[in-house]
$ cat model-v9.pdb   # PDB, C-alpha atoms and all ligand atoms
ATOM      1  CA  MET A 102     -14.861 -11.332   3.827  1.00  0.00           C
ATOM      2  CA  TRP A 103     -15.516  -7.875   5.292  1.00  0.00           C
ATOM      3  CA  ILE A 104     -13.967  -6.711   8.561  1.00  0.00           C
ATOM      4  CA  HIS A 105     -16.872  -5.425  10.618  1.00  0.00           C
ATOM      5  CA  GLY A 106     -16.976  -1.648  11.017  1.00  0.00           C
ATOM      6  CA  THR A 107     -13.825  -0.892   9.003  1.00  0.00           C
ATOM      7  CA  GLY A 108     -14.888  -0.880   5.353  1.00  0.00           C
ATOM      8  CA  LEU A 109     -11.980  -3.251   4.691  1.00  0.00           C
ATOM      9  CA  ARG A 110     -12.521  -6.360   2.588  1.00  0.00           C
ATOM     10  CA  VAL A 111     -10.055  -9.225   2.724  1.00  0.00           C
ATOM     11  CA  HIS A 112      -9.547 -12.395   0.804  1.00  0.00           C
ATOM     12  CA  SER A 113      -6.980 -14.900   2.022  1.00  0.00           C
ATOM     13  CA  VAL A 114      -4.435 -12.094   1.878  1.00  0.00           C
ATOM     14  CA  TYR A 115      -5.055  -8.356   1.493  1.00  0.00           C
ATOM     15  CA  VAL A 116      -3.462  -7.022  -1.706  1.00  0.00           C
ATOM     16  CA  LYS A 117      -2.529  -3.402  -2.400  1.00  0.00           C
ATOM     17  CA  ILE A 118      -1.183  -2.250  -5.767  1.00  0.00           C
ATOM     18  CA  CYS A 119       0.667   1.050  -5.382  1.00  0.00           C
ATOM     19  CA  GLY A 120       1.839   3.856  -7.670  1.00  0.00           C
ATOM     20  CA  LEU A 121      -0.927   3.677 -10.267  1.00  0.00           C
ATOM     21  CA  ARG A 122      -1.064   6.491 -12.801  1.00  0.00           C
ATOM     22  CA  GLU A 123      -3.191   5.249 -15.700  1.00  0.00           C
ATOM     23  CA  PRO A 124      -6.927   4.434 -15.851  1.00  0.00           C
ATOM     24  CA  GLY A 125      -6.223   1.140 -17.633  1.00  0.00           C
ATOM     25  CA  HIS A 126      -3.952  -0.037 -14.843  1.00  0.00           C
ATOM     26  CA  VAL A 127      -6.465   1.003 -12.204  1.00  0.00           C
ATOM     27  CA  ALA A 128      -9.110  -1.043 -14.047  1.00  0.00           C
ATOM     28  CA  ALA A 129      -6.727  -4.018 -14.297  1.00  0.00           C
ATOM     29  CA  ALA A 130      -6.026  -3.909 -10.561  1.00  0.00           C
ATOM     30  CA  VAL A 131      -9.735  -3.708  -9.697  1.00  0.00           C
ATOM     31  CA  GLU A 132     -10.639  -6.525 -12.097  1.00  0.00           C
ATOM     32  CA  ALA A 133      -7.799  -8.679 -10.782  1.00  0.00           C
ATOM     33  CA  GLY A 134      -9.272  -8.382  -7.291  1.00  0.00           C
ATOM     34  CA  ALA A 135      -6.949  -5.915  -5.556  1.00  0.00           C
ATOM     35  CA  ASP A 136      -8.244  -4.717  -2.182  1.00  0.00           C
ATOM     36  CA  ALA A 137      -6.459  -1.362  -2.232  1.00  0.00           C
ATOM     37  CA  ILE A 138      -4.927   0.953  -4.804  1.00  0.00           C
ATOM     38  CA  GLY A 139      -2.245   3.540  -4.043  1.00  0.00           C
ATOM     39  CA  PHE A 140      -1.591   6.913  -5.648  1.00  0.00           C
ATOM     40  CA  VAL A 141       1.824   8.431  -4.890  1.00  0.00           C
ATOM     41  CA  LEU A 142       1.526  12.145  -4.067  1.00  0.00           C
ATOM     42  CA  THR A 143       5.123  12.566  -2.958  1.00  0.00           C
ATOM     43  CA  ARG A 144       8.509  12.736  -4.639  1.00  0.00           C
ATOM     44  CA  SER A 145       8.754   9.660  -6.883  1.00  0.00           C
ATOM     45  CA  PRO A 146       8.809   8.570 -10.521  1.00  0.00           C
ATOM     46  CA  ARG A 147       5.197   7.556  -9.808  1.00  0.00           C
ATOM     47  CA  ARG A 148       4.108  10.929  -8.509  1.00  0.00           C
ATOM     48  CA  ILE A 149       0.774  12.273  -9.707  1.00  0.00           C
ATOM     49  CA  THR A 150      -1.155  15.372  -8.702  1.00  0.00           C
ATOM     50  CA  PRO A 151      -4.131  15.299  -6.322  1.00  0.00           C
ATOM     51  CA  GLU A 152      -6.328  16.220  -9.316  1.00  0.00           C
ATOM     52  CA  GLN A 153      -5.077  13.208 -11.277  1.00  0.00           C
ATOM     53  CA  ALA A 154      -5.606  11.006  -8.236  1.00  0.00           C
ATOM     54  CA  ARG A 155      -9.185  12.297  -7.970  1.00  0.00           C
ATOM     55  CA  GLU A 156      -9.916  11.348 -11.583  1.00  0.00           C
ATOM     56  CA  LEU A 157      -8.438   7.879 -11.108  1.00  0.00           C
ATOM     57  CA  ALA A 158     -10.133   7.332  -7.743  1.00  0.00           C
ATOM     58  CA  ALA A 159     -13.523   8.268  -9.197  1.00  0.00           C
ATOM     59  CA  ALA A 160     -13.450   5.086 -11.289  1.00  0.00           C
ATOM     60  CA  VAL A 161     -12.676   2.808  -8.339  1.00  0.00           C
ATOM     61  CA  PRO A 162     -15.608   0.874  -6.829  1.00  0.00           C
ATOM     62  CA  ALA A 163     -16.348   1.408  -3.156  1.00  0.00           C
ATOM     63  CA  HIS A 164     -15.089  -2.025  -2.101  1.00  0.00           C
ATOM     64  CA  VAL A 165     -11.545  -1.096  -3.170  1.00  0.00           C
ATOM     65  CA  LEU A 166      -9.684   1.241  -0.806  1.00  0.00           C
ATOM     66  CA  THR A 167      -8.060   4.260  -2.480  1.00  0.00           C
ATOM     67  CA  VAL A 168      -4.867   5.391  -0.750  1.00  0.00           C
ATOM     68  CA  ALA A 169      -2.804   8.592  -1.123  1.00  0.00           C
ATOM     69  CA  VAL A 170       0.883   8.043  -0.317  1.00  0.00           C
ATOM     70  CA  PHE A 171       3.070  10.673   1.376  1.00  0.00           C
ATOM     71  CA  ALA A 172       6.585  10.749   2.811  1.00  0.00           C
ATOM     72  CA  GLY A 173       7.605  13.554   5.117  1.00  0.00           C
ATOM     73  CA  GLU A 174       5.021  16.195   4.167  1.00  0.00           C
ATOM     74  CA  ALA A 175       3.503  18.279   6.957  1.00  0.00           C
ATOM     75  CA  PRO A 176       0.039  17.195   8.155  1.00  0.00           C
ATOM     76  CA  GLU A 177      -1.542  20.346   6.671  1.00  0.00           C
ATOM     77  CA  GLU A 178      -0.177  19.437   3.240  1.00  0.00           C
ATOM     78  CA  VAL A 179      -1.269  15.816   3.622  1.00  0.00           C
ATOM     79  CA  ARG A 180      -4.718  16.959   4.724  1.00  0.00           C
ATOM     80  CA  ALA A 181      -5.175  19.331   1.763  1.00  0.00           C
ATOM     81  CA  ALA A 182      -3.948  16.813  -0.817  1.00  0.00           C
ATOM     82  CA  ALA A 183      -5.994  13.974   0.678  1.00  0.00           C
ATOM     83  CA  LEU A 184      -9.160  16.050   0.602  1.00  0.00           C
ATOM     84  CA  GLU A 185      -8.481  17.284  -2.911  1.00  0.00           C
ATOM     85  CA  SER A 186      -7.851  13.778  -4.228  1.00  0.00           C
ATOM     86  CA  GLY A 187     -10.954  12.292  -2.622  1.00  0.00           C
ATOM     87  CA  VAL A 188      -9.173   9.150  -1.449  1.00  0.00           C
ATOM     88  CA  ARG A 189     -10.370   7.033   1.492  1.00  0.00           C
ATOM     89  CA  ALA A 190      -6.976   6.461   3.085  1.00  0.00           C
ATOM     90  CA  VAL A 191      -3.629   8.186   3.612  1.00  0.00           C
ATOM     91  CA  GLN A 192      -0.313   6.376   3.904  1.00  0.00           C
ATOM     92  CA  LEU A 193       2.586   8.084   5.651  1.00  0.00           C
ATOM     93  CA  HIS A 194       6.134   6.829   5.082  1.00  0.00           C
ATOM     94  CA  GLY A 195       9.202   7.566   7.118  1.00  0.00           C
ATOM     95  CA  ALA A 196       9.775   9.625  10.206  1.00  0.00           C
ATOM     96  CA  HIS A 197       6.276  11.022  10.685  1.00  0.00           C
ATOM     97  CA  PRO A 198       5.797  11.555  14.425  1.00  0.00           C
ATOM     98  CA  HIS A 199       2.785  10.155  16.240  1.00  0.00           C
ATOM     99  CA  GLY A 200       1.334  13.680  16.245  1.00  0.00           C
ATOM    100  CA  ASP A 201       1.029  13.669  12.448  1.00  0.00           C
ATOM    101  CA  PHE A 202      -1.349  10.703  12.665  1.00  0.00           C
ATOM    102  CA  THR A 203      -3.266  12.303  15.508  1.00  0.00           C
ATOM    103  CA  ALA A 204      -3.593  15.489  13.459  1.00  0.00           C
ATOM    104  CA  LEU A 205      -5.244  13.551  10.619  1.00  0.00           C
ATOM    105  CA  LYS A 206      -7.657  11.478  12.722  1.00  0.00           C
ATOM    106  CA  ASP A 207     -10.534  13.880  12.314  1.00  0.00           C
ATOM    107  CA  LEU A 208     -10.526  13.377   8.533  1.00  0.00           C
ATOM    108  CA  GLY A 209     -12.212  10.050   9.112  1.00  0.00           C
ATOM    109  CA  LEU A 210      -9.871   8.355   6.620  1.00  0.00           C
ATOM    110  CA  THR A 211      -8.111   5.031   7.072  1.00  0.00           C
ATOM    111  CA  LEU A 212      -4.590   5.819   8.320  1.00  0.00           C
ATOM    112  CA  VAL A 213      -1.701   3.706   7.072  1.00  0.00           C
ATOM    113  CA  ARG A 214       1.765   3.878   8.648  1.00  0.00           C
ATOM    114  CA  ALA A 215       4.698   2.613   6.597  1.00  0.00           C
ATOM    115  CA  GLY A 216       8.163   2.009   7.969  1.00  0.00           C
ATOM    116  CA  ALA A 217      11.219  -0.141   7.467  1.00  0.00           C
ATOM    117  CA  ALA A 218      11.807  -3.230   9.570  1.00  0.00           C
ATOM    118  CA  GLY A 219      13.754  -1.188  12.152  1.00  0.00           C
ATOM    119  CA  ALA A 220      10.739   1.035  12.935  1.00  0.00           C
ATOM    120  CA  ASP A 221       8.166   0.393  15.652  1.00  0.00           C
ATOM    121  CA  LEU A 222       6.447  -2.752  14.371  1.00  0.00           C
ATOM    122  CA  ARG A 223       3.529  -2.762  16.781  1.00  0.00           C
ATOM    123  CA  CYS A 224       0.299  -2.464  14.797  1.00  0.00           C
ATOM    124  CA  GLY A 225      -1.560   0.618  15.979  1.00  0.00           C
ATOM    125  CA  ALA A 226       1.414   2.059  17.892  1.00  0.00           C
ATOM    126  CA  PHE A 227       0.796   5.424  16.174  1.00  0.00           C
ATOM    127  CA  ASP A 228      -3.011   4.989  16.204  1.00  0.00           C
ATOM    128  CA  GLU A 229      -2.862   3.904  12.588  1.00  0.00           C
ATOM    129  CA  ASP A 230      -5.404   1.473  11.129  1.00  0.00           C
ATOM    130  CA  LEU A 231      -2.946  -0.462   8.971  1.00  0.00           C
ATOM    131  CA  LEU A 232       0.816  -0.958   9.127  1.00  0.00           C
ATOM    132  CA  ILE A 233       3.180  -1.550   6.188  1.00  0.00           C
ATOM    133  CA  VAL A 234       6.601  -3.045   6.844  1.00  0.00           C
ATOM    134  CA  ASP A 235       8.676  -1.951   3.860  1.00  0.00           C
ATOM    135  CA  ALA A 236      12.233  -1.879   2.535  1.00  0.00           C
ATOM    136  CA  PRO A 237      14.499   0.950   3.766  1.00  0.00           C
ATOM    137  CA  ARG A 238      13.940   2.786   0.449  1.00  0.00           C
ATOM    138  CA  PRO A 239      10.189   2.706  -0.313  1.00  0.00           C
ATOM    139  CA  GLY A 240       9.313   2.201  -3.952  1.00  0.00           C
ATOM    140  CA  SER A 241      12.840   1.024  -4.786  1.00  0.00           C
ATOM    141  CA  GLY A 242      11.868  -2.527  -5.671  1.00  0.00           C
ATOM    142  CA  GLU A 243      14.679  -3.795  -3.443  1.00  0.00           C
ATOM    143  CA  PRO A 244      13.928  -7.089  -1.691  1.00  0.00           C
ATOM    144  CA  TRP A 245      15.019  -7.563   1.927  1.00  0.00           C
ATOM    145  CA  ASP A 246      15.001 -10.409   4.429  1.00  0.00           C
ATOM    146  CA  TRP A 247      11.231 -10.794   4.806  1.00  0.00           C
ATOM    147  CA  SER A 248      11.642 -13.738   7.182  1.00  0.00           C
ATOM    148  CA  ALA A 249      13.109 -11.294   9.733  1.00  0.00           C
ATOM    149  CA  VAL A 250       9.599 -10.014  10.523  1.00  0.00           C
ATOM    150  CA  ARG A 251       7.868 -13.377  10.656  1.00  0.00           C
ATOM    151  CA  GLY A 252       5.385 -13.392  13.486  1.00  0.00           C
ATOM    152  CA  ARG A 253       6.567 -10.001  14.833  1.00  0.00           C
ATOM    153  CA  PRO A 254       3.760  -7.568  14.065  1.00  0.00           C
ATOM    154  CA  GLU A 255       0.389  -8.833  15.206  1.00  0.00           C
ATOM    155  CA  GLY A 256      -2.682  -7.610  13.391  1.00  0.00           C
ATOM    156  CA  ARG A 257      -3.290  -5.841  10.127  1.00  0.00           C
ATOM    157  CA  TRP A 258       0.118  -5.397   8.588  1.00  0.00           C
ATOM    158  CA  MET A 259       1.288  -5.565   5.005  1.00  0.00           C
ATOM    159  CA  LEU A 260       4.620  -6.736   3.739  1.00  0.00           C
ATOM    160  CA  ALA A 261       6.248  -4.554   1.046  1.00  0.00           C
ATOM    161  CA  GLY A 262       9.582  -4.058  -0.645  1.00  0.00           C
ATOM    162  CA  GLY A 263      10.825  -5.931  -3.676  1.00  0.00           C
ATOM    163  CA  LEU A 264       7.772  -8.144  -4.089  1.00  0.00           C
ATOM    164  CA  ASP A 265       6.837  -9.373  -7.560  1.00  0.00           C
ATOM    165  CA  PRO A 266       4.730 -12.160  -9.099  1.00  0.00           C
ATOM    166  CA  SER A 267       7.610 -14.633  -8.884  1.00  0.00           C
ATOM    167  CA  ASN A 268       8.467 -14.155  -5.210  1.00  0.00           C
ATOM    168  CA  VAL A 269       5.285 -13.031  -3.452  1.00  0.00           C
ATOM    169  CA  ALA A 270       4.182 -16.575  -2.541  1.00  0.00           C
ATOM    170  CA  ARG A 271       7.563 -17.277  -0.940  1.00  0.00           C
ATOM    171  CA  ALA A 272       7.504 -13.909   0.846  1.00  0.00           C
ATOM    172  CA  ILE A 273       4.062 -14.691   2.304  1.00  0.00           C
ATOM    173  CA  ALA A 274       5.262 -18.091   3.451  1.00  0.00           C
ATOM    174  CA  GLU A 275       8.354 -16.543   5.065  1.00  0.00           C
ATOM    175  CA  ALA A 276       6.857 -13.484   6.753  1.00  0.00           C
ATOM    176  CA  ARG A 277       3.204 -14.535   7.193  1.00  0.00           C
ATOM    177  CA  PRO A 278       1.781 -11.026   6.735  1.00  0.00           C
ATOM    178  CA  TRP A 279      -1.883 -10.040   6.769  1.00  0.00           C
ATOM    179  CA  GLY A 280      -1.402  -8.405   3.362  1.00  0.00           C
ATOM    180  CA  VAL A 281       1.088  -7.465   0.671  1.00  0.00           C
ATOM    181  CA  ASP A 282       1.876  -4.211  -1.144  1.00  0.00           C
ATOM    182  CA  VAL A 283       3.687  -3.881  -4.476  1.00  0.00           C
ATOM    183  CA  SER A 284       4.816  -1.199  -6.863  1.00  0.00           C
ATOM    184  CA  SER A 285       8.053  -1.848  -8.822  1.00  0.00           C
ATOM    185  CA  GLY A 286       7.333  -5.558  -9.175  1.00  0.00           C
ATOM    186  CA  VAL A 287       4.355  -4.890 -11.443  1.00  0.00           C
ATOM    187  CA  GLU A 288       6.219  -2.413 -13.650  1.00  0.00           C
ATOM    188  CA  VAL A 289       8.190  -2.692 -16.893  1.00  0.00           C
ATOM    189  CA  ALA A 290      10.131   0.530 -16.124  1.00  0.00           C
ATOM    190  CA  PRO A 291      10.138   2.899 -13.112  1.00  0.00           C
ATOM    191  CA  GLY A 292       6.622   4.305 -12.900  1.00  0.00           C
ATOM    192  CA  VAL A 293       5.295   2.278 -15.860  1.00  0.00           C
ATOM    193  CA  LYS A 294       2.838  -0.381 -14.717  1.00  0.00           C
ATOM    194  CA  ASP A 295       1.893  -3.502 -16.672  1.00  0.00           C
ATOM    195  CA  SER A 296      -1.642  -4.902 -16.504  1.00  0.00           C
ATOM    196  CA  GLY A 297      -0.455  -8.470 -17.051  1.00  0.00           C
ATOM    197  CA  LEU A 298       2.002  -8.223 -14.169  1.00  0.00           C
ATOM    198  CA  ILE A 299      -0.724  -6.756 -11.940  1.00  0.00           C
ATOM    199  CA  ARG A 300      -2.979  -9.741 -12.692  1.00  0.00           C
ATOM    200  CA  GLU A 301      -0.097 -12.183 -12.141  1.00  0.00           C
ATOM    201  CA  PHE A 302       0.788 -10.571  -8.819  1.00  0.00           C
ATOM    202  CA  VAL A 303      -2.733 -10.738  -7.407  1.00  0.00           C
ATOM    203  CA  ALA A 304      -3.132 -14.364  -8.506  1.00  0.00           C
ATOM    204  CA  ALA A 305       0.268 -15.349  -7.099  1.00  0.00           C
ATOM    205  CA  ALA A 306      -0.421 -13.603  -3.780  1.00  0.00           C
ATOM    206  CA  ARG A 307      -3.752 -15.365  -3.348  1.00  0.00           C
ATOM    207  CA  GLY A 308      -2.296 -18.717  -4.417  1.00  0.00           C
ATOM    208  CA  GLY A 309       0.640 -18.165  -2.101  1.00  0.00           C
ATOM    209  CA  ALA A 310      -1.614 -17.379   0.804  1.00  0.00           C
ATOM    210  CA  LYS A 311      -3.483 -20.652   0.331  1.00  0.00           C
ATOM    211  CA  GLN A 312      -0.231 -22.585   0.597  1.00  0.00           C
ATOM    212  CA  ALA A 313       1.296 -20.562   3.471  1.00  0.00           C
TER     213      ALA A 313
HETATM  214  O1  LIG B 401       6.465   4.140  -4.842  1.00  0.00           O
HETATM  215  C1  LIG B 401       7.196   5.103  -4.591  1.00  0.00           C
HETATM  216  O2  LIG B 401       7.933   5.621  -5.440  1.00  0.00           O
HETATM  217  C2  LIG B 401       7.232   5.676  -3.200  1.00  0.00           C
HETATM  218  C3  LIG B 401       7.993   6.814  -2.966  1.00  0.00           C
HETATM  219  C4  LIG B 401       8.030   7.366  -1.699  1.00  0.00           C
HETATM  220  C5  LIG B 401       7.312   6.791  -0.675  1.00  0.00           C
HETATM  221  C6  LIG B 401       6.559   5.641  -0.910  1.00  0.00           C
HETATM  222  C7  LIG B 401       6.515   5.063  -2.166  1.00  0.00           C
HETATM  223  N1  LIG B 401       5.805   3.904  -2.416  1.00  0.00           N
HETATM  224  C8  LIG B 401       5.063   3.274  -1.387  1.00  0.00           C
HETATM  225  C9  LIG B 401       4.528   1.937  -1.558  1.00  0.00           C
HETATM  226  O3  LIG B 401       3.496   1.649  -0.964  1.00  0.00           O
HETATM  227  C10 LIG B 401       5.249   0.842  -2.312  1.00  0.00           C
HETATM  228  O4  LIG B 401       4.298  -0.060  -2.787  1.00  0.00           O
HETATM  229  C11 LIG B 401       6.182   0.098  -1.396  1.00  0.00           C
HETATM  230  O5  LIG B 401       7.165   0.976  -0.940  1.00  0.00           O
HETATM  231  C12 LIG B 401       6.860  -1.075  -2.124  1.00  0.00           C
HETATM  232  O6  LIG B 401       7.606  -0.626  -3.217  1.00  0.00           O
HETATM  233  P1  LIG B 401       8.300  -1.667  -4.203  1.00  0.00           P
HETATM  234  O7  LIG B 401       9.493  -2.236  -3.525  1.00  0.00           O
HETATM  235  O8  LIG B 401       8.640  -0.834  -5.382  1.00  0.00           O
HETATM  236  O9  LIG B 401       7.292  -2.724  -4.537  1.00  0.00           O
END

$ encode --input "model-v9.pdb" --output "structure tokens"
Amino acid sequence: MWIHGTGLRVHSVYVKICGLREPGHVAAAVEAGADAIGFVLTRSPRRITPEQARELAAAVPAHVLTVAVFAGEAPEEVRAAALESGVRAVQLHGAHPHGDFTALKDLGLTLVRAGAAGADLRCGAFDEDLLIVDAPRPGSGEPWDWSAVRGRPEGRWMLAGGLDPSNVARAIAEARPWGVDVSSGVEVAPGVKDSGLIREFVAAARGGAKQA
């Protein structure tokens, strides 16, 4: 199903696979049916350069959203890296003020705001298009009490933080998110993705959504 006027495609649950660094893993995520793919352009074991992100993004079909992930960089830096990488969305983690989102509006990209459960959980509160409710330490793989957000955000929000193929169905049932986002849970070591785990995660998320 497509959401009219947004370029966003959703199945029963929207699935984003984050922190991809290798063409083979990008292909695995696309073939598995991921809706969005994230490239980390900030401090992280998964960090890649905007040039690398551009090469990876070039192989992604138009129906899959490509997302550049930032945490704390100034809007000018985000803007330059987003343009250089050719992605269709930017994701800002942490204490980015509302003005940072406003400053990026004219890029015409999908804006994603990511914060921990204590942040403002109203979808669109910072004029973002999508909200991610994450663990306190993004990309840490640490699970948290997903049931604490059940029914709180209304709209297009993704659950993240410590999800993996074995727990994503339960997490969906507990939190009832619009989508899910994963990084560590589809890795065999920090920053090293596994195509089999990516496939398992997408299948488990979709199966879990049917049961939720
Ligand atoms: O992935 C990172 O290393 C990272 C570093 C700094 C800011 C954001 C980062 N990742 C953002 C994501 O979208 C992750 O998918 C999300 O935080 C969930 O991570 P995980 O618990 O590892 O699945």

$ closest_residue --input "model-v9.pdb" --among "A:Glu174, A:Glu132, A:Asp207, A:Glu152" --to "Ser186 of chain A" --atoms "only C-alpha atoms"
A:Glu152

$ closest_residue --input "model-v9.pdb" --among "A:Gly225, A:Gly242, A:Gly173, A:Pro278" --to "ligand LIG 401 (chain B)" --atoms "only C-alpha atoms and all ligand atoms"
A:Gly242

$ residues_near_ligand --input "model-v9.pdb" --ligand "ligand LIG 401 (chain B)" --cutoff "9 Å" --atoms "all atoms listed in the file" --output "mmCIF file with C-alpha atoms, in the coordinates of the input"
data_model
loop_
_atom_site.group_PDB
_atom_site.id
_atom_site.type_symbol
_atom_site.label_atom_id
_atom_site.label_comp_id
_atom_site.auth_asym_id
_atom_site.auth_seq_id
_atom_site.Cartn_x
_atom_site.Cartn_y
_atom_site.Cartn_z
ATOM 1 C CA LYS A 117 -2.529 -3.402 -2.400
ATOM 2 C CA ILE A 118 -1.183 -2.250 -5.767
ATOM 3 C CA CYS A 119 0.667 1.050 -5.382
ATOM 4 C CA GLY A 120 1.839 3.856 -7.670
ATOM 5 C CA GLY A 139 -2.245 3.540 -4.043
ATOM 6 C CA PHE A 140 -1.591 6.913 -5.648
ATOM 7 C CA VAL A 141 1.824 8.431 -4.890
ATOM 8 C CA LEU A 142 1.526 12.145 -4.067
ATOM 9 C CA THR A 143 5.123 12.566 -2.958
ATOM 10 C CA ARG A 144 8.509 12.736 -4.639
ATOM 11 C CA SER A 145 8.754 9.660 -6.883
ATOM 12 C CA PRO A 146 8.809 8.570 -10.521
ATOM 13 C CA ARG A 147 5.197 7.556 -9.808
ATOM 14 C CA ARG A 148 4.108 10.929 -8.509
ATOM 15 C CA VAL A 170 0.883 8.043 -0.317
ATOM 16 C CA PHE A 171 3.070 10.673 1.376
ATOM 17 C CA ALA A 172 6.585 10.749 2.811
ATOM 18 C CA GLY A 173 7.605 13.554 5.117
ATOM 19 C CA GLN A 192 -0.313 6.376 3.904
ATOM 20 C CA LEU A 193 2.586 8.084 5.651
ATOM 21 C CA HIS A 194 6.134 6.829 5.082
ATOM 22 C CA GLY A 195 9.202 7.566 7.118
ATOM 23 C CA ALA A 215 4.698 2.613 6.597
ATOM 24 C CA ILE A 233 3.180 -1.550 6.188
ATOM 25 C CA VAL A 234 6.601 -3.045 6.844
ATOM 26 C CA ASP A 235 8.676 -1.951 3.860
ATOM 27 C CA ALA A 236 12.233 -1.879 2.535
ATOM 28 C CA PRO A 237 14.499 0.950 3.766
ATOM 29 C CA ARG A 238 13.940 2.786 0.449
ATOM 30 C CA PRO A 239 10.189 2.706 -0.313
ATOM 31 C CA GLY A 240 9.313 2.201 -3.952
ATOM 32 C CA SER A 241 12.840 1.024 -4.786
ATOM 33 C CA GLY A 242 11.868 -2.527 -5.671
ATOM 34 C CA GLU A 243 14.679 -3.795 -3.443
ATOM 35 C CA PRO A 244 13.928 -7.089 -1.691
ATOM 36 C CA LEU A 260 4.620 -6.736 3.739
ATOM 37 C CA ALA A 261 6.248 -4.554 1.046
ATOM 38 C CA GLY A 262 9.582 -4.058 -0.645
ATOM 39 C CA GLY A 263 10.825 -5.931 -3.676
ATOM 40 C CA LEU A 264 7.772 -8.144 -4.089
ATOM 41 C CA ASP A 265 6.837 -9.373 -7.560
ATOM 42 C CA VAL A 281 1.088 -7.465 0.671
ATOM 43 C CA ASP A 282 1.876 -4.211 -1.144
ATOM 44 C CA VAL A 283 3.687 -3.881 -4.476
ATOM 45 C CA SER A 284 4.816 -1.199 -6.863
ATOM 46 C CA SER A 285 8.053 -1.848 -8.822
ATOM 47 C CA GLY A 286 7.333 -5.558 -9.175
ATOM 48 C CA VAL A 287 4.355 -4.890 -11.443
ATOM 49 C CA GLU A 288 6.219 -2.413 -13.650
ATOM 50 C CA PRO A 291 10.138 2.899 -13.112
ATOM 51 C CA GLY A 292 6.622 4.305 -12.900
#

$ atom_distance --input "model-v9.pdb" --atom1 "atom CA of Ala130 of chain A" --atom2 "atom CA of Gly297 of chain A"
9.7 Å

$ residues_near_point --input "model-v9.pdb" --point "(-3.0, -11.2, 14.2)" --cutoff "12 Å" --atoms "all atoms listed in the file" --output "PyMOL selection string"
chain A and resi 223-224+231+251-259+277-280

$ atom_distance --input "model-v9.pdb" --atom1 "atom CA of Ile299 of chain A" --atom2 "atom CA of Ala169 of chain A"
18.9 Å

$ atom_distance --input "model-v9.pdb" --atom1 "atom CA of Ala190 of chain A" --atom2 "atom CA of Ile273 of chain A"
23.9 Å

$ axis_aligned_box --input "model-v9.pdb" --around "segment 120-128 of chain A" --padding-each-side "8 Å" --output "JSON"
{"center_x": -3.6, "center_y": 2.7, "center_z": -12.7, "size_x": 26.9, "size_y": 23.5, "size_z": 26.0}

$ residues_around --input "model-v9.pdb" --residues "Ala133 of chain A" --least-positions-apart "3" --cutoff "10 Å" --atoms "only C-alpha atoms" --output "short mmCIF file (atom, residue, chain, number, x, y, z; two decimals) with C-alpha atoms, in the frame of the given file"
data_model
loop_
_atom_site.label_atom_id
_atom_site.label_comp_id
_atom_site.auth_asym_id
_atom_site.auth_seq_id
_atom_site.Cartn_x
_atom_site.Cartn_y
_atom_site.Cartn_z
CA VAL A 127 -6.46 1.00 -12.20
CA ALA A 128 -9.11 -1.04 -14.05
CA ALA A 129 -6.73 -4.02 -14.30
CA ALA A 130 -6.03 -3.91 -10.56
CA ASP A 136 -8.24 -4.72 -2.18
CA SER A 296 -1.64 -4.90 -16.50
CA GLY A 297 -0.46 -8.47 -17.05
CA ILE A 299 -0.72 -6.76 -11.94
CA ARG A 300 -2.98 -9.74 -12.69
CA GLU A 301 -0.10 -12.18 -12.14
CA PHE A 302 0.79 -10.57 -8.82
CA VAL A 303 -2.73 -10.74 -7.41
CA ALA A 304 -3.13 -14.36 -8.51
#

$ residues_around --input "model-v9.pdb" --residues "Glu156 of chain A" --least-positions-apart "3" --cutoff "12 Å" --atoms "all atoms listed in the file" --output "PyMOL selection string"
chain A and resi 121-124+127+140+149-153+159-161+167+185-188

$ closest_residue --input "model-v9.pdb" --among "A:Arg155, A:Val114, A:Gly209, A:His126" --to "Val293 of chain A" --atoms "only C-alpha atoms"
A:His126

$ closest_residue --input "model-v9.pdb" --among "A:Gly200, A:Leu208, A:Glu275, A:Val213" --to "Arg180 of chain A" --atoms "only C-alpha atoms"
A:Leu208

$ residues_near_point --input "model-v9.pdb" --point "(13.1, 8.5, 13.2)" --cutoff "10 Å" --atoms "all atoms listed in the file" --output "ChimeraX atom specification"
/A:195-198,216,219-221

$ closest_residue --input "model-v9.pdb" --among "A:Glu229, A:Ala183, A:Ala154, A:Ala217" --to "His199 of chain A" --atoms "all atoms listed in the file"
A:Glu229

$ closest_residue --input "model-v9.pdb" --among "A:Asn268, A:Ser113, A:Ala218, A:Pro176" --to "Val250 of chain A" --atoms "only C-alpha atoms"
A:Ala218
